[in-house]
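A quick write-up on the structure given underneath.
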Amino acid sequence: MKIKIISLVLVMAALAGLANCAGSGSSFDDIVANRRSVRSYDKSKKISDEQIRILIATTQEAPSWANVQATRYYTVMSDDMLNKVLPSMLTNQEKASTAPVLIVTTYKRGLSGFFDGKATNELGDTWGAFDAGLSNAFLVLKAKEMGFDTLIMGLRDAEGLKKALDIPSDETVMSVVALGYGTQSPKRPERKPLYDILKIK
């Protein structure tokens with residue numbers, strides 16, 4: 001009888017362990033709380049083409065104006081192309097040079113915020129920037145879930161990037177996202193009190 005009880009306890013413990021393993025993935029709140037802007041990477045740790053495809057496929061789930069999906073991604077991974085793009089990173093060159101991957105994000109003008117070629121309100125192409133921001137939020141959060149770190153960089157030479165990557169003239173360069181395995185663990189920056197940003201009426 002004692003052996004049966006011990007066996008039952010061991011089986012239950014094993015099942016509990018399996019349940020814990022199955023649910024060990026980070027929750028959305030965990031991912032949001034732990035994602036940081038990382039400014040230094042281990043360039044020796046590479047990221048595969050398939051991982052990039054998974055990452056960018058997730059951005060396609062972001063909402064966009066009339067589902068036009070105007071955001072575009074130019075992913076730079078080879079050493080030759082990274083060296084070609086770095087001069088366009090201006091004061092962000094040092095940070096960008098440590099990342100194994102740089103993702104240039106753009107949006108195609110005249111899509112988000114437009115119907116039949118006409119702007120639907122005063123914001124016009126600003127909706128393209130808005131949609132690109134939504135897509136990039138999905139990108140950095142998915143990257144964190146996959147074990148990567150990111151840094152969104154806005155200081156860049158847009159024309160230099162367009163020339164280096166053959167980006168069409170009807171696209172606006174938004175940002176460059178550094179992607180890789182961070183070598184630092186930044187502290188969480190202080191957030192404003194909720195009452196400063198939220199008004200409920």
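Every chain in the structure tokens has a letter given in the order shown (A, B, ...), and although residue numbers restart at 1 in each chain, ligands are simply numbered from 1 in the order shown.
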Could you list, with a cut-off of 8 Å and counting only C-alpha atoms, the residues of stretch 80-139 of chain A near stretch 157-176 of chain A, each shown with its nearest atom pair and the distance in Å rounded to one decimal, rows sorted by chain and ascending number, as a tab-separated table?
```
residue	atom	partner	partner_atom	distance
A:Lys84	CA	A:Ala164	CA	6.6
A:Val85	CA	A:Ala164	CA	6.3
A:Ser88	CA	A:Asp157	CA	4.8
A:Met89	CA	A:Asp157	CA	6.3
A:Leu90	CA	A:Asp157	CA	6.8
A:Leu102	CA	A:Val176	CA	6.4
A:Ile103	CA	A:Val176	CA	5.5
A:Val104	CA	A:Val176	CA	4.4
A:Thr105	CA	A:Ser175	CA	5.4
A:Thr106	CA	A:Val173	CA	4.3
A:Tyr107	CA	A:Glu171	CA	5.4
A:Lys108	CA	A:Glu171	CA	4.3
A:Arg109	CA	A:Glu171	CA	5.8
A:Ala129	CA	A:Met174	CA	7.3
A:Ala132	CA	A:Met174	CA	7.7
```
Take the residues that were just selected and, keeping C-alpha atoms, output them as an mmCIF file, in the first residue's frame.
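In the end it all went to out28.cif:
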```
data_model
loop_
_atom_site.group_PDB
_atom_site.id
_atom_site.type_symbol
_atom_site.label_atom_id
_atom_site.label_comp_id
_atom_site.auth_asym_id
_atom_site.auth_seq_id
_atom_site.Cartn_x
_atom_site.Cartn_y
_atom_site.Cartn_z
ATOM 1 C CA LYS A 84 27.407 49.560 -46.599
ATOM 2 C CA VAL A 85 24.545 50.696 -44.356
ATOM 3 C CA SER A 88 23.932 56.120 -42.908
ATOM 4 C CA MET A 89 23.450 55.496 -39.179
ATOM 5 C CA LEU A 90 25.042 58.840 -38.251
ATOM 6 C CA LEU A 102 19.662 45.754 -38.851
ATOM 7 C CA ILE A 103 16.059 46.078 -40.015
ATOM 8 C CA VAL A 104 15.199 49.235 -41.939
ATOM 9 C CA THR A 105 11.478 49.976 -41.641
ATOM 10 C CA THR A 106 9.573 52.040 -44.192
ATOM 11 C CA TYR A 107 6.007 52.676 -45.265
ATOM 12 C CA LYS A 108 4.619 53.080 -48.751
ATOM 13 C CA ARG A 109 3.002 56.513 -49.094
ATOM 14 C CA ALA A 129 3.716 56.349 -39.932
ATOM 15 C CA ALA A 132 4.430 51.436 -39.208
#
```
### Task
Determine which residues of stretch 2-130 of chain A receive a DSSP assignment of strand (DSSP E or B), computed from the backbone, and state them as a list of chain:residue names.
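The residues of stretch 2-130 of chain A classed as strand (DSSP E or B) are A:Ser37, A:Tyr41, A:Thr71, A:Arg72, A:Tyr73, A:Tyr74, A:Thr75, A:Val76, A:Val101, A:Leu102, A:Ile103, A:Val104, A:Thr105, A:Thr106, A:Tyr107, A:Lys108, A:Phe114, A:Phe115, A:Lys118, A:Ala119.
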Restricted to C-alpha atoms, what would the selected residues look like written as a short mmCIF file (atom, residue, chain, number, x, y, z; two decimals), in the first residue's frame?
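Writing the result to result-v8.cif gives the following:
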```
data_model
loop_
_atom_site.label_atom_id
_atom_site.label_comp_id
_atom_site.auth_asym_id
_atom_site.auth_seq_id
_atom_site.Cartn_x
_atom_site.Cartn_y
_atom_site.Cartn_z
CA SER A 37 16.18 49.24 -25.63
CA TYR A 41 25.09 43.17 -28.91
CA THR A 71 4.87 48.84 -43.82
CA ARG A 72 7.98 47.36 -45.47
CA TYR A 73 11.10 45.76 -43.94
CA TYR A 74 14.60 45.71 -45.41
CA THR A 75 16.67 43.25 -43.39
CA VAL A 76 20.45 43.65 -43.47
CA VAL A 101 21.00 42.31 -37.93
CA LEU A 102 19.66 45.75 -38.85
CA ILE A 103 16.06 46.08 -40.01
CA VAL A 104 15.20 49.23 -41.94
CA THR A 105 11.48 49.98 -41.64
CA THR A 106 9.57 52.04 -44.19
CA TYR A 107 6.01 52.68 -45.27
CA LYS A 108 4.62 53.08 -48.75
CA PHE A 114 -6.24 57.15 -48.41
CA PHE A 115 -9.23 55.93 -50.40
CA LYS A 118 -7.36 60.82 -51.85
CA ALA A 119 -6.52 61.52 -48.21
#
```
### Task
With a distance cut-off of 10 Å and only C-alpha atoms, select the neighbouring residues of stretch 28-34 of chain A, excluding the residue or stretch itself and same-chain residues fewer than 3 positions from it, and output the selection as a list in words.
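Here the qualifying residues turn out to be Gly25, Val140, Leu141, Lys142, Ala143, Lys144, Glu145, Ser185, Pro186, Lys187 and Arg188 of chain A.
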Output C-alpha atoms of each residue in that selection to a file, as an mmCIF file, in the first residue's frame.
```cif
data_model
loop_
_atom_site.group_PDB
_atom_site.id
_atom_site.type_symbol
_atom_site.label_atom_id
_atom_site.label_comp_id
_atom_site.auth_asym_id
_atom_site.auth_seq_id
_atom_site.Cartn_x
_atom_site.Cartn_y
_atom_site.Cartn_z
ATOM 1 C CA GLY A 25 6.401 30.548 -21.642
ATOM 2 C CA VAL A 140 10.059 44.296 -30.905
ATOM 3 C CA LEU A 141 7.673 42.347 -28.664
ATOM 4 C CA LYS A 142 7.872 39.214 -30.830
ATOM 5 C CA ALA A 143 11.650 39.588 -30.881
ATOM 6 C CA LYS A 144 11.682 39.610 -27.083
ATOM 7 C CA GLU A 145 9.497 36.497 -26.989
ATOM 8 C CA SER A 185 20.671 44.489 -19.105
ATOM 9 C CA PRO A 186 19.321 48.034 -18.906
ATOM 10 C CA LYS A 187 17.143 48.967 -15.962
ATOM 11 C CA ARG A 188 13.497 49.777 -16.520
#
```
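In this model, the gap between atom CA of A:Gln184 and atom CA of A:Arg39 comes to 7.7 Å.
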### Task
Find the residue from A:Ser97, A:Ser27, A:Ser40, A:Gln69 that sits nearest to A:Thr150; use only C-alpha atoms when measuring.
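For A:Thr150, the nearest of the candidates is A:Ser40.
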### Expected answer as number ranges by chain: alpha helix (DSSP H) residues in stretch 86-190 of chain A
A: 93-97, 126-145, 158-165
Take the residues from that selection and put them in a file with C-alpha atoms, as a tab-separated table (two decimals), in the first residue's frame.
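The result, written out as out_19.tsv:
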```tsv
chain	number	residue	atom	x	y	z
A	93	GLN	CA	26.94	53.94	-35.94
A	94	GLU	CA	28.65	52.58	-32.84
A	95	LYS	CA	25.45	51.00	-31.51
A	96	ALA	CA	24.45	49.64	-34.89
A	97	SER	CA	27.90	48.17	-35.57
A	126	THR	CA	0.72	60.37	-41.12
A	127	TRP	CA	-1.46	57.25	-40.97
A	128	GLY	CA	1.35	55.39	-42.74
A	129	ALA	CA	3.72	56.35	-39.93
A	130	PHE	CA	1.07	55.34	-37.38
A	131	ASP	CA	0.66	51.90	-38.97
A	132	ALA	CA	4.43	51.44	-39.21
A	133	GLY	CA	4.64	52.16	-35.48
A	134	LEU	CA	2.04	49.50	-34.76
A	135	SER	CA	3.92	46.97	-36.88
A	136	ASN	CA	7.20	47.83	-35.19
A	137	ALA	CA	5.61	47.35	-31.76
A	138	PHE	CA	4.66	43.83	-32.82
A	139	LEU	CA	8.23	43.35	-34.11
A	140	VAL	CA	10.06	44.30	-30.90
A	141	LEU	CA	7.67	42.35	-28.66
A	142	LYS	CA	7.87	39.21	-30.83
A	143	ALA	CA	11.65	39.59	-30.88
A	144	LYS	CA	11.68	39.61	-27.08
A	145	GLU	CA	9.50	36.50	-26.99
A	158	ALA	CA	17.17	58.26	-45.01
A	159	GLU	CA	18.54	59.05	-48.47
A	160	GLY	CA	21.71	57.07	-47.77
A	161	LEU	CA	19.65	54.06	-46.70
A	162	LYS	CA	17.44	54.33	-49.76
A	163	LYS	CA	20.48	54.32	-52.02
A	164	ALA	CA	22.22	51.45	-50.22
A	165	LEU	CA	19.12	49.22	-50.14
```
